[in-house]
$ cat input31.tsv   # TSV, N, CA and C atoms
chain	number	residue	atom	x	y	z
A	933	PHE	N	127.79	115.03	101.01
A	933	PHE	CA	127.11	115.87	100.06
A	933	PHE	C	125.74	116.30	100.59
A	934	ASN	N	125.07	115.39	101.30
A	934	ASN	CA	123.75	115.74	101.84
A	934	ASN	C	123.85	116.89	102.83
A	935	LEU	N	124.87	116.88	103.66
A	935	LEU	CA	125.02	117.97	104.63
A	935	LEU	C	125.40	119.28	103.94
A	936	LEU	N	126.20	119.20	102.90
A	936	LEU	CA	126.55	120.40	102.14
A	936	LEU	C	125.32	120.96	101.44
A	937	PHE	N	124.52	120.10	100.85
A	937	PHE	CA	123.28	120.53	100.20
A	937	PHE	C	122.31	121.12	101.22
A	938	ALA	N	122.23	120.51	102.41
A	938	ALA	CA	121.36	121.04	103.46
A	938	ALA	C	121.85	122.42	103.91
A	939	PHE	N	123.15	122.61	103.95
A	939	PHE	CA	123.72	123.91	104.32
A	939	PHE	C	123.32	124.98	103.31
A	940	VAL	N	123.38	124.64	102.04
A	940	VAL	CA	122.96	125.58	100.99
A	940	VAL	C	121.46	125.85	101.09
A	941	LEU	N	120.68	124.80	101.31
A	941	LEU	CA	119.24	124.97	101.44
A	941	LEU	C	118.86	125.81	102.66
A	942	PHE	N	119.67	125.74	103.69
A	942	PHE	CA	119.41	126.53	104.89
A	942	PHE	C	119.32	128.02	104.55
A	943	PHE	N	120.21	128.49	103.70
A	943	PHE	CA	120.19	129.90	103.33
A	943	PHE	C	118.99	130.24	102.44
A	944	PHE	N	118.60	129.30	101.58
A	944	PHE	CA	117.40	129.52	100.78
A	944	PHE	C	116.15	129.57	101.66
A	945	VAL	N	116.10	128.69	102.66
A	945	VAL	CA	114.95	128.65	103.57
A	945	VAL	C	114.89	129.94	104.38
A	946	ARG	N	116.04	130.44	104.80
A	946	ARG	CA	116.05	131.69	105.56
A	946	ARG	C	115.64	132.87	104.69
A	947	TYR	N	116.03	132.85	103.43
A	947	TYR	CA	115.72	133.95	102.54
A	947	TYR	C	114.24	133.94	102.15
A	948	ARG	N	113.75	132.78	101.77
A	948	ARG	CA	112.35	132.66	101.36
A	948	ARG	C	111.83	131.30	101.79
A	949	PHE	N	111.05	131.29	102.85
A	949	PHE	CA	110.55	130.04	103.42
A	949	PHE	C	109.42	129.48	102.57
A	950	THR	N	109.60	128.24	102.15
A	950	THR	CA	108.51	127.48	101.52
A	950	THR	C	108.54	126.09	102.15
A	951	PRO	N	107.40	125.45	102.26
A	951	PRO	CA	107.37	124.12	102.88
A	951	PRO	C	108.21	123.09	102.14
A	952	ILE	N	108.26	123.16	100.82
A	952	ILE	CA	109.03	122.17	100.07
A	952	ILE	C	110.54	122.34	100.29
A	953	LEU	N	111.01	123.57	100.35
A	953	LEU	CA	112.43	123.80	100.65
A	953	LEU	C	112.76	123.35	102.06
A	954	PHE	N	111.86	123.61	103.00
A	954	PHE	CA	112.09	123.18	104.38
A	954	PHE	C	112.12	121.65	104.47
A	955	PHE	N	111.24	120.99	103.72
A	955	PHE	CA	111.24	119.53	103.69
A	955	PHE	C	112.56	119.00	103.14
A	956	PHE	N	113.04	119.57	102.04
A	956	PHE	CA	114.33	119.13	101.48
A	956	PHE	C	115.47	119.40	102.44
A	957	PHE	N	115.42	120.53	103.13
A	957	PHE	CA	116.45	120.84	104.13
A	957	PHE	C	116.46	119.80	105.24
A	958	LEU	N	115.29	119.50	105.81
A	958	LEU	CA	115.22	118.53	106.91
A	958	LEU	C	115.58	117.12	106.45
A	959	SER	N	115.11	116.71	105.29
A	959	SER	CA	115.38	115.35	104.83
A	959	SER	C	116.86	115.15	104.51
A	960	ASN	N	117.50	116.14	103.90
A	960	ASN	CA	118.94	116.02	103.61
A	960	ASN	C	119.77	116.06	104.89
A	961	THR	N	119.36	116.86	105.85
A	961	THR	CA	120.07	116.90	107.12
A	961	THR	C	119.95	115.56	107.84
A	962	ALA	N	118.74	115.02	107.91
A	962	ALA	CA	118.54	113.74	108.59
A	962	ALA	C	119.28	112.61	107.89
A	963	TYR	N	119.23	112.57	106.56
A	963	TYR	CA	119.93	111.52	105.82
A	963	TYR	C	121.44	111.64	105.99
A	964	GLY	N	121.94	112.86	105.96
A	964	GLY	CA	123.38	113.07	106.14
A	964	GLY	C	123.87	112.65	107.51
A	965	ILE	N	123.11	112.98	108.54
A	965	ILE	CA	123.49	112.59	109.91
A	965	ILE	C	123.38	111.09	110.08
A	966	PHE	N	122.30	110.48	109.57
A	966	PHE	CA	122.15	109.03	109.68
A	966	PHE	C	123.29	108.32	108.96
A	967	ASN	N	123.71	108.82	107.83
A	967	ASN	CA	124.78	108.19	107.06
A	967	ASN	C	126.13	108.27	107.77
A	968	LEU	N	126.27	109.17	108.72
A	968	LEU	CA	127.52	109.30	109.46
A	968	LEU	C	127.59	108.42	110.70
A	969	LEU	N	126.54	107.63	110.96
A	969	LEU	CA	126.58	106.71	112.09
A	969	LEU	C	127.67	105.67	111.88
A	970	PRO	N	128.34	105.24	112.98
A	970	PRO	CA	129.45	104.29	112.83
A	970	PRO	C	128.97	102.85	112.63
A	971	ILE	N	128.29	102.61	111.53
A	971	ILE	CA	127.84	101.27	111.15
A	971	ILE	C	128.63	100.89	109.91
A	972	SER	N	129.17	99.68	109.90
A	972	SER	CA	130.13	99.31	108.86
A	972	SER	C	129.59	99.45	107.44
A	973	ALA	N	128.28	99.35	107.23
A	973	ALA	CA	127.74	99.46	105.88
A	973	ALA	C	127.52	100.91	105.46
A	974	LEU	N	127.64	101.86	106.37
A	974	LEU	CA	127.41	103.27	106.06
A	974	LEU	C	128.73	104.02	105.96
A	975	ASP	N	128.67	105.27	105.52
A	975	ASP	CA	129.88	106.08	105.36
A	975	ASP	C	130.60	106.34	106.69
A	976	GLY	N	129.84	106.45	107.77
A	976	GLY	CA	130.46	106.64	109.08
A	976	GLY	C	131.31	105.44	109.48
A	977	GLY	N	130.85	104.25	109.14
A	977	GLY	CA	131.63	103.05	109.41
A	977	GLY	C	132.88	102.97	108.55
A	978	GLN	N	132.77	103.44	107.31
A	978	GLN	CA	133.95	103.46	106.44
A	978	GLN	C	134.98	104.47	106.94
A	979	ALA	N	134.50	105.61	107.43
A	979	ALA	CA	135.42	106.61	107.99
A	979	ALA	C	136.08	106.07	109.25
A	980	LEU	N	135.31	105.38	110.09
A	980	LEU	CA	135.88	104.77	111.29
A	980	LEU	C	136.91	103.73	110.92
A	981	ARG	N	136.62	102.92	109.90
A	981	ARG	CA	137.57	101.90	109.44
A	981	ARG	C	138.89	102.56	108.99
A	982	ALA	N	138.78	103.63	108.21
A	982	ALA	CA	139.98	104.32	107.73
A	982	ALA	C	140.78	104.89	108.89
A	983	ALA	N	140.10	105.46	109.87
A	983	ALA	CA	140.80	106.04	111.02
A	983	ALA	C	141.46	104.96	111.87
A	984	LEU	N	140.78	103.84	112.06
A	984	LEU	CA	141.35	102.77	112.88
A	984	LEU	C	142.50	102.06	112.18
A	985	LEU	N	142.45	101.95	110.85
A	985	LEU	CA	143.54	101.27	110.14
A	985	LEU	C	144.84	102.06	110.19
A	986	ILE	N	144.77	103.34	110.50
A	986	ILE	CA	145.99	104.13	110.66
A	986	ILE	C	146.72	103.73	111.93
A	987	LYS	N	145.96	103.44	112.99
A	987	LYS	CA	146.56	103.17	114.30
A	987	LYS	C	146.62	101.68	114.67
A	988	LYS	N	145.75	100.87	114.10
A	988	LYS	CA	145.64	99.47	114.53
A	988	LYS	C	145.97	98.52	113.37
A	989	GLU	N	146.21	97.28	113.76
A	989	GLU	CA	146.37	96.22	112.77
A	989	GLU	C	145.01	95.95	112.12
A	990	PRO	N	144.98	95.47	110.87
A	990	PRO	CA	143.69	95.25	110.18
A	990	PRO	C	142.72	94.35	110.94
A	991	TYR	N	143.22	93.26	111.55
A	991	TYR	CA	142.33	92.36	112.28
A	991	TYR	C	141.71	93.07	113.48
A	992	GLU	N	142.52	93.78	114.23
A	992	GLU	CA	142.03	94.51	115.41
A	992	GLU	C	141.07	95.62	115.00
A	993	ALA	N	141.36	96.31	113.91
A	993	ALA	CA	140.47	97.37	113.44
A	993	ALA	C	139.12	96.80	113.04
A	994	GLU	N	139.10	95.69	112.33
A	994	GLU	CA	137.84	95.08	111.93
A	994	GLU	C	137.04	94.58	113.13
A	995	ARG	N	137.74	94.07	114.13
A	995	ARG	CA	137.06	93.62	115.35
A	995	ARG	C	136.40	94.79	116.06
A	996	LEU	N	137.11	95.91	116.19
A	996	LEU	CA	136.56	97.10	116.84
A	996	LEU	C	135.40	97.69	116.04
A	997	ILE	N	135.53	97.70	114.73
A	997	ILE	CA	134.43	98.20	113.89
A	997	ILE	C	133.18	97.34	114.07
A	998	GLY	N	133.37	96.03	114.15
A	998	GLY	CA	132.24	95.14	114.37
A	998	GLY	C	131.55	95.39	115.69
A	999	ILE	N	132.33	95.63	116.74
A	999	ILE	CA	131.75	95.90	118.06
A	999	ILE	C	130.98	97.22	118.05
A	1000	VAL	N	131.62	98.26	117.55
A	1000	VAL	CA	130.95	99.57	117.50
A	1000	VAL	C	129.70	99.53	116.64
A	1001	SER	N	129.78	98.83	115.53
A	1001	SER	CA	128.65	98.72	114.62
A	1001	SER	C	127.48	98.00	115.28
A	1002	ARG	N	127.77	96.89	115.97
A	1002	ARG	CA	126.69	96.14	116.63
A	1002	ARG	C	126.07	96.92	117.78
A	1003	VAL	N	126.88	97.63	118.54
A	1003	VAL	CA	126.33	98.45	119.64
A	1003	VAL	C	125.43	99.54	119.08
A	1004	THR	N	125.87	100.20	118.02
A	1004	THR	CA	125.06	101.25	117.40
A	1004	THR	C	123.76	100.68	116.85
A	1005	LEU	N	123.84	99.53	116.20
A	1005	LEU	CA	122.64	98.90	115.67
A	1005	LEU	C	121.69	98.45	116.78
A	1006	PHE	N	122.25	97.99	117.91
A	1006	PHE	CA	121.42	97.61	119.04
A	1006	PHE	C	120.66	98.81	119.58
A	1007	LEU	N	121.35	99.94	119.71
A	1007	LEU	CA	120.68	101.16	120.20
A	1007	LEU	C	119.62	101.63	119.21
A	1008	LEU	N	119.91	101.54	117.92
A	1008	LEU	CA	118.90	101.90	116.92
A	1008	LEU	C	117.71	100.94	116.95
A	1009	ALA	N	117.97	99.67	117.22
A	1009	ALA	CA	116.87	98.70	117.30
A	1009	ALA	C	115.96	99.02	118.48
A	1010	ILE	N	116.55	99.42	119.61
A	1010	ILE	CA	115.73	99.84	120.75
A	1010	ILE	C	114.90	101.06	120.37
A	1011	GLY	N	115.52	102.01	119.67
A	1011	GLY	CA	114.77	103.18	119.19
A	1011	GLY	C	113.67	102.78	118.21
A	1012	GLY	N	113.94	101.80	117.37
A	1012	GLY	CA	112.93	101.33	116.42
A	1012	GLY	C	111.77	100.66	117.12
A	1013	LEU	N	112.06	99.86	118.16
A	1013	LEU	CA	110.99	99.23	118.92
A	1013	LEU	C	110.17	100.27	119.68
A	1014	TYR	N	110.85	101.29	120.20
A	1014	TYR	CA	110.13	102.37	120.88
A	1014	TYR	C	109.23	103.11	119.89
A	1015	LEU	N	109.73	103.32	118.68
A	1015	LEU	CA	108.92	103.98	117.66
A	1015	LEU	C	107.68	103.14	117.31
A	1016	VAL	N	107.85	101.82	117.24
A	1016	VAL	CA	106.70	100.94	117.00
A	1016	VAL	C	105.71	101.05	118.16
A	1017	LYS	N	106.22	101.13	119.37
A	1017	LYS	CA	105.35	101.21	120.55
A	1017	LYS	C	104.53	102.50	120.56
A	1018	ILE	N	105.17	103.62	120.27
A	1018	ILE	CA	104.43	104.88	120.36
A	1018	ILE	C	103.56	105.16	119.14
A	1019	SER	N	103.93	104.60	117.98
A	1019	SER	CA	103.14	104.88	116.78
A	1019	SER	C	102.17	103.74	116.45
A	1020	SER	N	102.40	102.58	117.00
A	1020	SER	CA	101.58	101.38	116.79
A	1020	SER	C	101.65	100.81	115.39
A	1021	PHE	N	102.41	101.40	114.48
A	1021	PHE	CA	102.46	100.83	113.13
A	1021	PHE	C	103.76	101.11	112.39
A	1022	ASN	N	104.55	102.06	112.79
A	1022	ASN	CA	105.72	102.45	112.02
A	1022	ASN	C	106.91	101.55	112.36
A	1023	ILE	N	107.19	100.57	111.51
A	1023	ILE	CA	108.28	99.63	111.74
A	1023	ILE	C	109.49	99.93	110.86
A	1024	SER	N	109.50	101.09	110.22
A	1024	SER	CA	110.54	101.38	109.22
A	1024	SER	C	111.94	101.39	109.83
A	1025	LEU	N	112.13	102.01	110.99
A	1025	LEU	CA	113.47	102.06	111.59
A	1025	LEU	C	113.92	100.67	112.00
A	1026	PHE	N	113.03	99.86	112.54
A	1026	PHE	CA	113.39	98.52	112.96
A	1026	PHE	C	113.77	97.65	111.75
A	1027	VAL	N	113.04	97.76	110.66
A	1027	VAL	CA	113.36	97.00	109.45
A	1027	VAL	C	114.70	97.47	108.88
A	1028	LEU	N	114.95	98.77	108.91
A	1028	LEU	CA	116.22	99.30	108.43
A	1028	LEU	C	117.38	98.78	109.27
A	1029	VAL	N	117.19	98.67	110.58
A	1029	VAL	CA	118.23	98.11	111.45
A	1029	VAL	C	118.49	96.64	111.09
A	1030	LEU	N	117.44	95.88	110.84
A	1030	LEU	CA	117.63	94.48	110.45
A	1030	LEU	C	118.40	94.36	109.15
A	1031	LEU	N	118.08	95.20	108.18
A	1031	LEU	CA	118.80	95.17	106.90
A	1031	LEU	C	120.27	95.57	107.07
A	1032	LEU	N	120.51	96.61	107.87
A	1032	LEU	CA	121.90	97.02	108.11
A	1032	LEU	C	122.67	95.96	108.88
A	1033	TYR	N	122.02	95.29	109.81
A	1033	TYR	CA	122.70	94.22	110.55
A	1033	TYR	C	123.06	93.07	109.61
A	1034	ALA	N	122.14	92.70	108.74
A	1034	ALA	CA	122.43	91.64	107.78
A	1034	ALA	C	123.57	92.03	106.86
A	1035	GLU	N	123.60	93.28	106.45
A	1035	GLU	CA	124.67	93.76	105.56
A	1035	GLU	C	126.01	93.83	106.28
A	1036	SER	N	126.01	94.32	107.53
A	1036	SER	CA	127.28	94.52	108.23
A	1036	SER	C	127.90	93.22	108.71
A	1037	THR	N	127.10	92.18	108.92
A	1037	THR	CA	127.66	90.90	109.34
A	1037	THR	C	128.08	90.02	108.18
A	1038	GLY	N	127.77	90.45	106.96
A	1038	GLY	CA	128.13	89.65	105.80
A	1038	GLY	C	127.08	88.62	105.44
A	1039	ASN	N	125.98	88.59	106.18
A	1039	ASN	CA	124.88	87.68	105.86
A	1039	ASN	C	123.95	88.39	104.89
A	1040	HIS	N	124.19	88.19	103.62
A	1040	HIS	CA	123.42	88.89	102.59
A	1040	HIS	C	122.20	88.08	102.20
A	1041	ILE	N	121.53	87.51	103.18
A	1041	ILE	CA	120.38	86.66	102.92
A	1041	ILE	C	119.24	87.48	102.35
A	1042	ILE	N	119.01	88.64	102.92
A	1042	ILE	CA	117.87	89.45	102.52
A	1042	ILE	C	118.04	89.99	101.11
A	1043	SER	N	119.22	90.46	100.78
A	1043	SER	CA	119.43	91.07	99.47
A	1043	SER	C	119.68	90.04	98.38
A	1044	GLY	N	119.95	88.80	98.75
A	1044	GLY	CA	120.22	87.78	97.74
A	1044	GLY	C	121.61	87.90	97.15
A	1045	TYR	N	122.50	88.60	97.81
A	1045	TYR	CA	123.84	88.84	97.29
A	1045	TYR	C	124.62	87.54	97.11
A	1046	GLU	N	124.54	86.65	98.09
A	1046	GLU	CA	125.29	85.38	98.00
A	1046	GLU	C	124.81	84.56	96.82
A	1047	PHE	N	123.51	84.50	96.60
A	1047	PHE	CA	122.97	83.74	95.47
A	1047	PHE	C	123.46	84.31	94.16
A	1048	CYS	N	123.43	85.63	94.03
A	1048	CYS	CA	123.89	86.27	92.78
A	1048	CYS	C	125.37	86.05	92.57
A	1049	ARG	N	126.14	86.10	93.64
A	1049	ARG	CA	127.59	85.94	93.53
A	1049	ARG	C	127.95	84.51	93.16
A	1050	LYS	N	127.22	83.53	93.68
A	1050	LYS	CA	127.53	82.13	93.40
A	1050	LYS	C	127.15	81.73	91.98
A	1051	THR	N	126.11	82.34	91.45
A	1051	THR	CA	125.65	81.95	90.11
A	1051	THR	C	126.32	82.69	88.99
A	1052	SER	N	127.01	83.78	89.27
A	1052	SER	CA	127.62	84.53	88.18
A	1052	SER	C	129.06	84.14	87.96
$ encode --input "input31.tsv" --output "structure tokens"
Amino acid sequence: FNLLFAFVLFFFVRYRFTPILFFFFLSNTAYGIFNLLPISALDGGQALRAALLIKKEPYEAERLIGIVSRVTLFLLAIGGLYLVKISSFNISLFVLVLLLYAESTGNHIISGYEFCRKTS
């Protein structure tokens, strides 16, 4: 939906450029592309899971998804550390990678998911 909305905004930006429309166009495009990364907690990972389950056994598909997800998160972590190095303060991408890693491995320590699940 974010990419579809960005596509619609693209025509509005071309017709009448305003900074707020351009900001919404860029933010929806970036969010849509980020959401398509092959990380198991994101939509790209779910799409990869669906595609792999057509051709592979469930155990093999989950193993491959885990490998692809960890490699992608590792590359994003390197990008996050580089961002910290060049900006000296922006740790947002690195923190996001840590949260996604915790979510994709099933270690819901940060979100408190296990505690909530055990007590309810």
$ atom_distance --input "input31.tsv" --atom1 "atom N of Pro951 in chain A" --atom2 "atom N of Phe933 in chain A"
22.9 Å
$ atom_distance --input "input31.tsv" --atom1 "atom C of Ser1024 in chain A" --atom2 "atom C of Ile1010 in chain A"
11.0 Å
$ residues_around --input "input31.tsv" --residues "Leu1025 in chain A" --least-positions-apart "3" --cutoff "8 Å" --atoms "all atoms listed in the file" --output "count of residues only"
12
$ residues_around --input "input31.tsv" --residues "Leu935 in chain A" --least-positions-apart "6" --cutoff "8 Å" --atoms "only C-alpha atoms" --output "ChimeraX atom specification"
/A:960-961,964-965
$ closest_residue --input "input31.tsv" --among "A:Ile971, A:Ile1018, A:Leu980, A:Leu958" --to "Leu1005 in chain A" --atoms "all atoms listed in the file"
A:Ile971
$ residues_around --input "input31.tsv" --residues "Thr1004 in chain A" --least-positions-apart "2" --cutoff "12 Å" --atoms "only C-alpha atoms" --output "VMD selection string"
chain A and resid 966 968 to 974 976 to 977 997 to 1002 1006 to 1011 1029 1032 to 1033 1036
$ atom_distance --input "input31.tsv" --atom1 "CA of Phe955 in chain A" --atom2 "CA of Phe937 in chain A"
12.6 Å
$ residues_around --input "input31.tsv" --residues "Phe942 in chain A" --least-positions-apart "5" --cutoff "8 Å" --atoms "all atoms listed in the file" --output "ChimeraX atom specification"
/A:936-937,947-948,953,956-958
$ select_by_dssp --input "input31.tsv" --residues "range 950-1047 of chain A" --states "helix (DSSP H, G or I)" --output "VMD selection string"
chain A and resid 951 to 967 975 to 987 990 to 1019 1024 to 1036 1045 to 1047
